[in-house]
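One structure is given below, encoded as structure tokens.
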There are 4 protein chains.
Amino acid sequence: MKTEKPKYKQIIDAAVITIAEKGYHQCQVSKIAKQAGVADGTIYLYFKNKEDILISVFREKLRQFVDSLDGVIKEKKTASEKLLLLIENHFRILSEDSQLAVLTQLELRQTNKELRRQINEVLKGYLLLIDQIIEEGIKGEEFDRNLDRRLMRQMIFGTIDETVTTWVMNEQKYDLIKLAPKVHDLLINGCGNRSKT
Amino acid sequence: MKTEKPKYKQIIDAAVITIAEKGYHQCQVSKIAKQAGVADGTIYLYFKNKEDILISVFREKLRQFVDSLDGVIKEKKTASEKLLLLIENHFRILSEDSQLAVLTQLELRQTNKELRRQINEVLKGYLLLIDQIIEEGIKGEEFDRNLDRRLMRQMIFGTIDETVTTWVMNEQKYDLIKLAPKVHDLLINGCGNRSKT
Amino acid sequence: MKTEKPKYKQIIDAAVITIAEKGYHQCQVSKIAKQAGVADGTIYLYFKNKEDILISVFREKLRQFVDSLDGVIKEKKTASEKLLLLIENHFRILSEDSQLAVLTQLELRQTNKELRRQINEVLKGYLLLIDQIIEEGIKGEEFDRNLDRRLMRQMIFGTIDETVTTWVMNEQKYDLIKLAPKVHDLLINGCGNRSKT
Amino acid sequence: MKTEKPKYKQIIDAAVITIAEKGYHQCQVSKIAKQAGVADGTIYLYFKNKEDILISVFREKLRQFVDSLDGVIKEKKTASEKLLLLIENHFRILSEDSQLAVLTQLELRQTNKELRRQINEVLKGYLLLIDQIIEEGIKGEEFDRNLDRRLMRQMIFGTIDETVTTWVMNEQKYDLIKLAPKVHDLLINGCGNRSKT
DNA sequence: TATGAATGAGAATTCATTCAT
DNA sequence: GATGAATGAATTCTCATTCAT
């Protein structure tokens, strides 16, 4: 009894499960409540509204995500190594939680502009990590100083994201983690022929 | 009596405008009908249901998109040049039709898994174009033969898509088209420092 | 070409088939038109509206019904024999046209009060036949003169109708015509024990 | 604060009134809700859908009907007396509730085959009562043992039902209850001339 | 805190009917 | 007479949210 998970976390966990199962729009608040083992009304003691559940779920998960990356990346490494670690971790976390993968790649997108804006706000924490790596890469002369930093970040994030989405749309049939080094290589060196003089 | 636009096209055009304005979920079929200047019921002579309107809009627009690219790309050029043309055209078309940009980057994603699958089906026409360029690039030794073709495509598409989405989320404040050469350079050469021996 | 069925009859026939198949409310005017091989609009050259089709179908069929009975009953017979003939014919006609049976016993009832009134109006032609038989029966001292004529008619029609409805609801699984003599016997002699002194 | 009628009953009562007034197809769920003094959505906490309201109304009313008859008939009486009681009660209940009469004789029939089947299922409770009386009548040698029991039941129910329907179609202008003994006599003795040797 | 019964706004779709050709 | 494309009115049911207990 005493050690019962606080209701907030119960609801977050229930939401991840329920949304991944039924999709955001098909997932009724009452289903989340049932899954969490609380009354419908209780949800509203912890969340402002349904959207707030979704954004909170995402915030919560991304925090764990960033925290775990943060630690890993802090270790002394080159920017390129850090980038590889980031990609690997990104792929690993979603590989290990297929419901979370569905949620981030599919369900989270099925939301209106305002909610997307909030999601992007939360996402900034992650993008900042990428920015740090880029900054380090440039300072350490690993990355090209003449490139547009924002575009670099968009390439890195866009490529990672597209890779995961494709994998989710393909029912997560193949090993995502194995792709990390190749994706990393592509991001660092591009598609161009390196052997060409 | 002028040759009135066929109703089908009228409705497609009205849908782009109305959906971009109000968002897919906020946009009632009756609003589309009004914008198109037809009765509500008429919509259902041309489309199976509301989802069918959305998917048809996308199919129609993507067809124009691919057709226009197709012509441009057919001209004798290197794969790298073709890639640049593809990026430029992608950016230009969405720059010139801001409503279409909102539709493809935001509204089209707010749909359920089944509809997403249909959209991806339509999208394949475009991805095939990218695949062709990649194939040519490898054959012409412009692109590295050892790279995973699917990942290359995902990087190219993911980067372009993310770049456009960011631009749309930023209210289309800056010049997207100008970014094309830089994006192209990034895709070909990656983030890595090229001056490094 | 010349001997093509007049459209009116074509539509009536199509209506019987289509209504029996799909039910009155599920049967769209356009389906009747298709079945009849005419355009939707053509229906409205021959009928005022959808209800008018139904009532016309019923009127047409009942006319044939009454006509055929009329001839049969005119032959010199006792009232009791005529009643048996009426029952037999009623059962036979509906046995031979299962679609018509569904129409009269189920579909025709699924209509609003006003339409029911019109149907009853048409039905009067049939009820008059019963009344004639009752009148003859009383005059010929076959039927009890002290009984309420209207109630007799309601018993006769109610019993026949309920018998047919039960048979239709039972998917027309048994031989309806065979029941005619027993129904006739019941109507003439009632349920009471006749051997009782 | 009085013990407010449970919502279920409130809605049932409201449905009888509203359907009798406007007819089943003209009667919107929102009208029933209004009449019942509840919100539209509340209806769906107690009923699956609109059809379910109708079938529930009928089930509820028939239960009262059968219960009241059951008590009356249990008293020691001959089968013939019981039949008379059944007819009288049937007529009385519908006489006393003219809205219920309209509902059972007109509105309840305006429904599709599936719903009719459900209604018949409910009706079986009543038909079983008739069957019991018939059985007793035969055992007690009041009714003729050679007659088909199902046909007897159909005659009894068909005659009662037709009598009530005619009365309803005639705007309930005359005294239905008074007809009970005559209907009873007809059912027991038939139309035939009893004085005939 | 927690409950869960009650609320009520909101929208896609059908199909009988019309009328310009 | 015949067509059939176009019309547009009309209604059930869902589900996020509230609030009395």
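Just so we're on the same page: first chain in the structure tokens is A, next is B, and so on; residues restart at 1 for each chain, and ligands are numbered from 1 in the order they show up.
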Quiz item: So which residues of region 79-177 of chain C fall under alpha helix (DSSP H) by DSSP, listed as a PyMOL selection string?
Solution: chain C and resi 79-96+98-105+113-139+149-169
Self-check item: Residue contacts of Pro181 (chain A) (10 Å, only C-alpha atoms (C1' of nucleotides)) excluding same-chain residues fewer than 6 positions away, as a PyMOL selection string
Solution: chain A and resi 83-85+87-88+187
Up to 12 Å from chain E, what residues of chain B turn up? Count only C-alpha atoms (C1' of nucleotides) and give them as a PDB file with N, CA, C and O atoms, in the first residue's frame.
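Output saved as result_23.pdb:
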ATOM      1  N   HIS B  25      -8.141  17.941 -38.751  1.00  0.00           N
ATOM      2  CA  HIS B  25      -9.207  17.529 -37.841  1.00  0.00           C
ATOM      3  C   HIS B  25     -10.232  18.630 -37.582  1.00  0.00           C
ATOM      4  O   HIS B  25     -11.378  18.349 -37.283  1.00  0.00           O
ATOM      5  N   GLN B  26      -9.804  19.870 -37.711  1.00  0.00           N
ATOM      6  CA  GLN B  26     -10.739  20.969 -37.498  1.00  0.00           C
ATOM      7  C   GLN B  26     -11.523  21.294 -38.768  1.00  0.00           C
ATOM      8  O   GLN B  26     -12.445  22.102 -38.734  1.00  0.00           O
ATOM      9  N   CYS B  27     -11.132  20.719 -39.866  1.00  0.00           N
ATOM     10  CA  CYS B  27     -11.707  21.108 -41.152  1.00  0.00           C
ATOM     11  C   CYS B  27     -12.891  20.208 -41.504  1.00  0.00           C
ATOM     12  O   CYS B  27     -12.732  19.053 -41.835  1.00  0.00           O
ATOM     13  N   GLN B  28     -14.094  20.752 -41.404  1.00  0.00           N
ATOM     14  CA  GLN B  28     -15.289  19.974 -41.718  1.00  0.00           C
ATOM     15  C   GLN B  28     -15.478  19.808 -43.226  1.00  0.00           C
ATOM     16  O   GLN B  28     -15.167  20.713 -43.990  1.00  0.00           O
ATOM     17  N   VAL B  29     -16.004  18.689 -43.580  1.00  0.00           N
ATOM     18  CA  VAL B  29     -16.303  18.415 -44.985  1.00  0.00           C
ATOM     19  C   VAL B  29     -17.170  19.533 -45.555  1.00  0.00           C
ATOM     20  O   VAL B  29     -16.987  19.953 -46.705  1.00  0.00           O
ATOM     21  N   SER B  30     -18.078  20.027 -44.746  1.00  0.00           N
ATOM     22  CA  SER B  30     -18.974  21.072 -45.242  1.00  0.00           C
ATOM     23  C   SER B  30     -18.198  22.347 -45.590  1.00  0.00           C
ATOM     24  O   SER B  30     -18.582  23.083 -46.498  1.00  0.00           O
ATOM     25  N   LYS B  31     -17.105  22.600 -44.864  1.00  0.00           N
ATOM     26  CA  LYS B  31     -16.279  23.770 -45.183  1.00  0.00           C
ATOM     27  C   LYS B  31     -15.607  23.590 -46.541  1.00  0.00           C
ATOM     28  O   LYS B  31     -15.523  24.518 -47.334  1.00  0.00           O
ATOM     29  N   ASP B  40     -22.546  19.675 -50.062  1.00  0.00           N
ATOM     30  CA  ASP B  40     -21.856  18.679 -49.243  1.00  0.00           C
ATOM     31  C   ASP B  40     -21.879  17.307 -49.919  1.00  0.00           C
ATOM     32  O   ASP B  40     -20.865  16.618 -50.013  1.00  0.00           O
ATOM     33  N   GLY B  41     -23.051  16.940 -50.362  1.00  0.00           N
ATOM     34  CA  GLY B  41     -23.233  15.606 -50.953  1.00  0.00           C
ATOM     35  C   GLY B  41     -22.370  15.379 -52.177  1.00  0.00           C
ATOM     36  O   GLY B  41     -21.967  14.250 -52.463  1.00  0.00           O
ATOM     37  N   THR B  42     -22.109  16.431 -52.885  1.00  0.00           N
ATOM     38  CA  THR B  42     -21.323  16.310 -54.124  1.00  0.00           C
ATOM     39  C   THR B  42     -19.932  15.752 -53.835  1.00  0.00           C
ATOM     40  O   THR B  42     -19.383  14.992 -54.631  1.00  0.00           O
ATOM     41  N   ILE B  43     -19.387  16.138 -52.691  1.00  0.00           N
ATOM     42  CA  ILE B  43     -18.080  15.618 -52.291  1.00  0.00           C
ATOM     43  C   ILE B  43     -18.070  14.094 -52.423  1.00  0.00           C
ATOM     44  O   ILE B  43     -17.121  13.508 -52.927  1.00  0.00           O
ATOM     45  N   TYR B  44     -19.152  13.494 -51.996  1.00  0.00           N
ATOM     46  CA  TYR B  44     -19.197  12.027 -51.920  1.00  0.00           C
ATOM     47  C   TYR B  44     -19.478  11.366 -53.260  1.00  0.00           C
ATOM     48  O   TYR B  44     -19.521  10.154 -53.359  1.00  0.00           O
ATOM     49  N   LEU B  45     -19.677  12.182 -54.291  1.00  0.00           N
ATOM     50  CA  LEU B  45     -19.736  11.625 -55.645  1.00  0.00           C
ATOM     51  C   LEU B  45     -18.312  11.422 -56.159  1.00  0.00           C
ATOM     52  O   LEU B  45     -18.077  10.639 -57.072  1.00  0.00           O
ATOM     53  N   PHE B  47     -15.403  11.414 -53.814  1.00  0.00           N
ATOM     54  CA  PHE B  47     -14.505  10.841 -52.812  1.00  0.00           C
ATOM     55  C   PHE B  47     -15.268   9.905 -51.897  1.00  0.00           C
ATOM     56  O   PHE B  47     -16.434  10.148 -51.603  1.00  0.00           O
ATOM     57  N   LYS B  48     -14.591   8.853 -51.467  1.00  0.00           N
ATOM     58  CA  LYS B  48     -15.258   7.848 -50.652  1.00  0.00           C
ATOM     59  C   LYS B  48     -15.619   8.407 -49.279  1.00  0.00           C
ATOM     60  O   LYS B  48     -16.696   8.165 -48.766  1.00  0.00           O
ATOM     61  N   ASN B  49     -14.710   9.126 -48.687  1.00  0.00           N
ATOM     62  CA  ASN B  49     -14.955   9.724 -47.374  1.00  0.00           C
ATOM     63  C   ASN B  49     -13.917  10.821 -47.127  1.00  0.00           C
ATOM     64  O   ASN B  49     -13.132  11.140 -48.015  1.00  0.00           O
ATOM     65  N   LYS B  50     -13.931  11.347 -45.937  1.00  0.00           N
ATOM     66  CA  LYS B  50     -13.059  12.491 -45.657  1.00  0.00           C
ATOM     67  C   LYS B  50     -11.578  12.110 -45.824  1.00  0.00           C
ATOM     68  O   LYS B  50     -10.798  12.867 -46.390  1.00  0.00           O
ATOM     69  N   GLU B  51     -11.203  10.947 -45.326  1.00  0.00           N
ATOM     70  CA  GLU B  51      -9.825  10.489 -45.482  1.00  0.00           C
ATOM     71  C   GLU B  51      -9.434  10.424 -46.953  1.00  0.00           C
ATOM     72  O   GLU B  51      -8.319  10.734 -47.331  1.00  0.00           O
TER      73      GLU B  51
END
Quiz prompt | Residue list for chain F near chain C as number ranges by chain, 8 Å, only C-alpha atoms (C1' of nucleotides) | solution = F: 2-4
Quiz item: Could you pull the residues within 7 Å of Asn193 (chain A), counting only C-alpha atoms (C1' of nucleotides), minus those fewer than 5 positions along the same chain, as a PyMOL selection string?
Solution: chain B and resi 141-144
Practice problem: At a cut-off of 9 Å, list the chain D residues touching chain C, using only C-alpha atoms, as a ChimeraX atom specification. | Solution: /D:23-25,80,106-113,116-117,134,137-138,141-145,147-148,151-152,154-163,166,169,179,182-183,185-196
Can those selected residues be exported to a file as a short mmCIF file (atom, residue, chain, number, x, y, z; two decimals), in the first residue's frame so that it contains N, CA and C atoms?
data_model
loop_
_atom_site.label_atom_id
_atom_site.label_comp_id
_atom_site.auth_asym_id
_atom_site.auth_seq_id
_atom_site.Cartn_x
_atom_site.Cartn_y
_atom_site.Cartn_z
N GLY D 23 -43.85 8.98 -33.43
CA GLY D 23 -43.49 7.82 -34.24
C GLY D 23 -42.03 7.49 -34.06
N TYR D 24 -41.70 6.24 -34.21
CA TYR D 24 -40.33 5.80 -33.93
C TYR D 24 -39.31 6.50 -34.80
N HIS D 25 -39.58 6.56 -36.09
CA HIS D 25 -38.57 7.13 -36.98
C HIS D 25 -38.48 8.65 -36.88
N SER D 80 -61.16 -21.72 -20.40
CA SER D 80 -61.97 -20.75 -21.12
C SER D 80 -62.07 -19.45 -20.33
N LEU D 106 -48.50 0.13 -33.78
CA LEU D 106 -48.03 0.82 -34.99
C LEU D 106 -46.51 0.98 -35.01
N GLU D 107 -45.97 1.61 -34.00
CA GLU D 107 -44.57 1.99 -34.07
C GLU D 107 -43.62 0.80 -34.04
N LEU D 108 -44.01 -0.15 -33.19
CA LEU D 108 -43.13 -1.30 -33.01
C LEU D 108 -42.99 -2.11 -34.30
N ARG D 109 -43.93 -1.95 -35.19
CA ARG D 109 -43.89 -2.72 -36.45
C ARG D 109 -43.00 -2.05 -37.48
N GLN D 110 -42.79 -0.74 -37.29
CA GLN D 110 -41.99 0.01 -38.27
C GLN D 110 -40.50 -0.22 -38.09
N THR D 111 -40.14 -1.44 -37.95
CA THR D 111 -38.74 -1.69 -37.65
C THR D 111 -38.23 -2.79 -38.56
N ASN D 112 -36.95 -2.87 -38.66
CA ASN D 112 -36.37 -3.82 -39.61
C ASN D 112 -36.45 -5.26 -39.11
N LYS D 113 -36.12 -6.16 -40.01
CA LYS D 113 -36.28 -7.58 -39.73
C LYS D 113 -35.57 -8.00 -38.45
N ARG D 116 -37.40 -6.83 -35.47
CA ARG D 116 -38.64 -7.60 -35.37
C ARG D 116 -38.37 -8.94 -34.71
N ARG D 117 -37.26 -9.54 -35.07
CA ARG D 117 -36.90 -10.82 -34.50
C ARG D 117 -36.68 -10.68 -32.99
N ILE D 134 -53.98 -23.00 -23.63
CA ILE D 134 -54.41 -24.01 -24.62
C ILE D 134 -54.18 -25.41 -24.06
N GLY D 137 -56.67 -26.21 -21.53
CA GLY D 137 -57.98 -26.38 -22.16
C GLY D 137 -58.12 -27.76 -22.76
N ILE D 138 -57.05 -28.22 -23.36
CA ILE D 138 -57.11 -29.55 -23.98
C ILE D 138 -57.16 -30.64 -22.90
N GLU D 141 -60.39 -30.99 -21.41
CA GLU D 141 -61.42 -31.29 -22.43
C GLU D 141 -62.34 -30.12 -22.72
N GLU D 142 -61.87 -28.91 -22.46
CA GLU D 142 -62.64 -27.74 -22.88
C GLU D 142 -62.36 -27.42 -24.34
N PHE D 143 -61.10 -27.64 -24.73
CA PHE D 143 -60.72 -27.36 -26.12
C PHE D 143 -60.58 -28.68 -26.86
N ASP D 144 -60.74 -28.61 -28.15
CA ASP D 144 -60.69 -29.82 -28.96
C ASP D 144 -59.26 -30.35 -29.06
N ARG D 145 -59.11 -31.61 -28.72
CA ARG D 145 -57.77 -32.19 -28.66
C ARG D 145 -57.15 -32.41 -30.04
N LEU D 147 -57.09 -30.38 -32.54
CA LEU D 147 -56.65 -29.18 -33.27
C LEU D 147 -55.14 -28.95 -33.10
N ASP D 148 -54.60 -28.27 -34.12
CA ASP D 148 -53.18 -27.93 -34.12
C ASP D 148 -52.95 -26.82 -33.10
N LEU D 151 -51.61 -23.49 -34.42
CA LEU D 151 -52.62 -22.71 -35.15
C LEU D 151 -53.62 -22.08 -34.19
N MET D 152 -53.96 -22.80 -33.13
CA MET D 152 -54.86 -22.22 -32.14
C MET D 152 -54.24 -20.95 -31.56
N GLN D 154 -52.03 -19.07 -32.89
CA GLN D 154 -51.99 -18.02 -33.90
C GLN D 154 -53.35 -17.38 -34.08
N MET D 155 -54.40 -18.20 -34.01
CA MET D 155 -55.74 -17.62 -34.12
C MET D 155 -56.01 -16.70 -32.94
N ILE D 156 -55.70 -17.17 -31.75
CA ILE D 156 -55.97 -16.36 -30.56
C ILE D 156 -55.18 -15.06 -30.60
N PHE D 157 -53.88 -15.17 -30.82
CA PHE D 157 -53.07 -13.95 -30.83
C PHE D 157 -53.44 -13.06 -32.02
N GLY D 158 -53.58 -13.68 -33.20
CA GLY D 158 -53.89 -12.92 -34.40
C GLY D 158 -55.19 -12.15 -34.27
N THR D 159 -56.17 -12.78 -33.68
CA THR D 159 -57.47 -12.12 -33.54
C THR D 159 -57.40 -10.97 -32.54
N ILE D 160 -56.80 -11.24 -31.40
CA ILE D 160 -56.64 -10.17 -30.41
C ILE D 160 -55.87 -9.00 -31.00
N ASP D 161 -54.75 -9.31 -31.64
CA ASP D 161 -53.89 -8.27 -32.19
C ASP D 161 -54.61 -7.46 -33.27
N GLU D 162 -55.28 -8.14 -34.15
CA GLU D 162 -55.99 -7.43 -35.23
C GLU D 162 -57.10 -6.56 -34.65
N THR D 163 -57.76 -7.07 -33.63
CA THR D 163 -58.83 -6.29 -32.99
C THR D 163 -58.27 -5.00 -32.39
N THR D 166 -57.11 -2.56 -35.28
CA THR D 166 -58.24 -1.88 -35.91
C THR D 166 -58.75 -0.75 -35.01
N MET D 169 -56.27 2.09 -35.16
CA MET D 169 -56.38 2.79 -36.45
C MET D 169 -57.65 3.62 -36.51
N LEU D 179 -65.50 -5.44 -26.00
CA LEU D 179 -65.49 -6.46 -27.06
C LEU D 179 -64.94 -7.80 -26.57
N LYS D 182 -67.14 -11.00 -26.60
CA LYS D 182 -67.48 -11.42 -27.97
C LYS D 182 -66.29 -12.06 -28.68
N VAL D 183 -65.15 -11.45 -28.49
CA VAL D 183 -63.95 -12.02 -29.10
C VAL D 183 -63.72 -13.42 -28.51
N ASP D 185 -65.90 -15.45 -27.23
CA ASP D 185 -66.92 -16.36 -27.77
C ASP D 185 -66.53 -16.84 -29.16
N LEU D 186 -66.09 -15.89 -29.99
CA LEU D 186 -65.70 -16.25 -31.36
C LEU D 186 -64.53 -17.24 -31.35
N LEU D 187 -63.58 -16.99 -30.48
CA LEU D 187 -62.41 -17.86 -30.45
C LEU D 187 -62.78 -19.27 -29.98
N ILE D 188 -63.69 -19.34 -29.05
CA ILE D 188 -64.09 -20.66 -28.53
C ILE D 188 -65.01 -21.39 -29.51
N ASN D 189 -65.98 -20.65 -30.06
CA ASN D 189 -67.01 -21.33 -30.85
C ASN D 189 -66.94 -21.09 -32.36
N GLY D 190 -66.10 -20.18 -32.78
CA GLY D 190 -65.98 -19.92 -34.20
C GLY D 190 -67.17 -19.16 -34.76
N CYS D 191 -67.15 -19.00 -36.07
CA CYS D 191 -68.20 -18.26 -36.74
C CYS D 191 -69.44 -19.11 -37.00
N GLY D 192 -69.23 -20.39 -36.97
CA GLY D 192 -70.28 -21.31 -37.42
C GLY D 192 -71.58 -21.17 -36.63
N ASN D 193 -72.65 -21.55 -37.26
CA ASN D 193 -73.97 -21.48 -36.65
C ASN D 193 -74.11 -22.60 -35.63
N ARG D 194 -74.25 -22.22 -34.36
CA ARG D 194 -74.28 -23.23 -33.29
C ARG D 194 -75.66 -23.86 -33.16
N SER D 195 -76.72 -23.16 -33.63
CA SER D 195 -78.08 -23.70 -33.46
C SER D 195 -78.37 -24.80 -34.48
N LYS D 196 -77.54 -24.76 -35.53
CA LYS D 196 -77.69 -25.80 -36.56
C LYS D 196 -77.48 -27.15 -35.90
#
Exercise. Would you mind telling me which residue in A:Val66, A:Ile177, A:Ile17, A:Leu94 lies nearest to Tyr126 (chain A) when using only C-alpha atoms?
Key: A:Val66
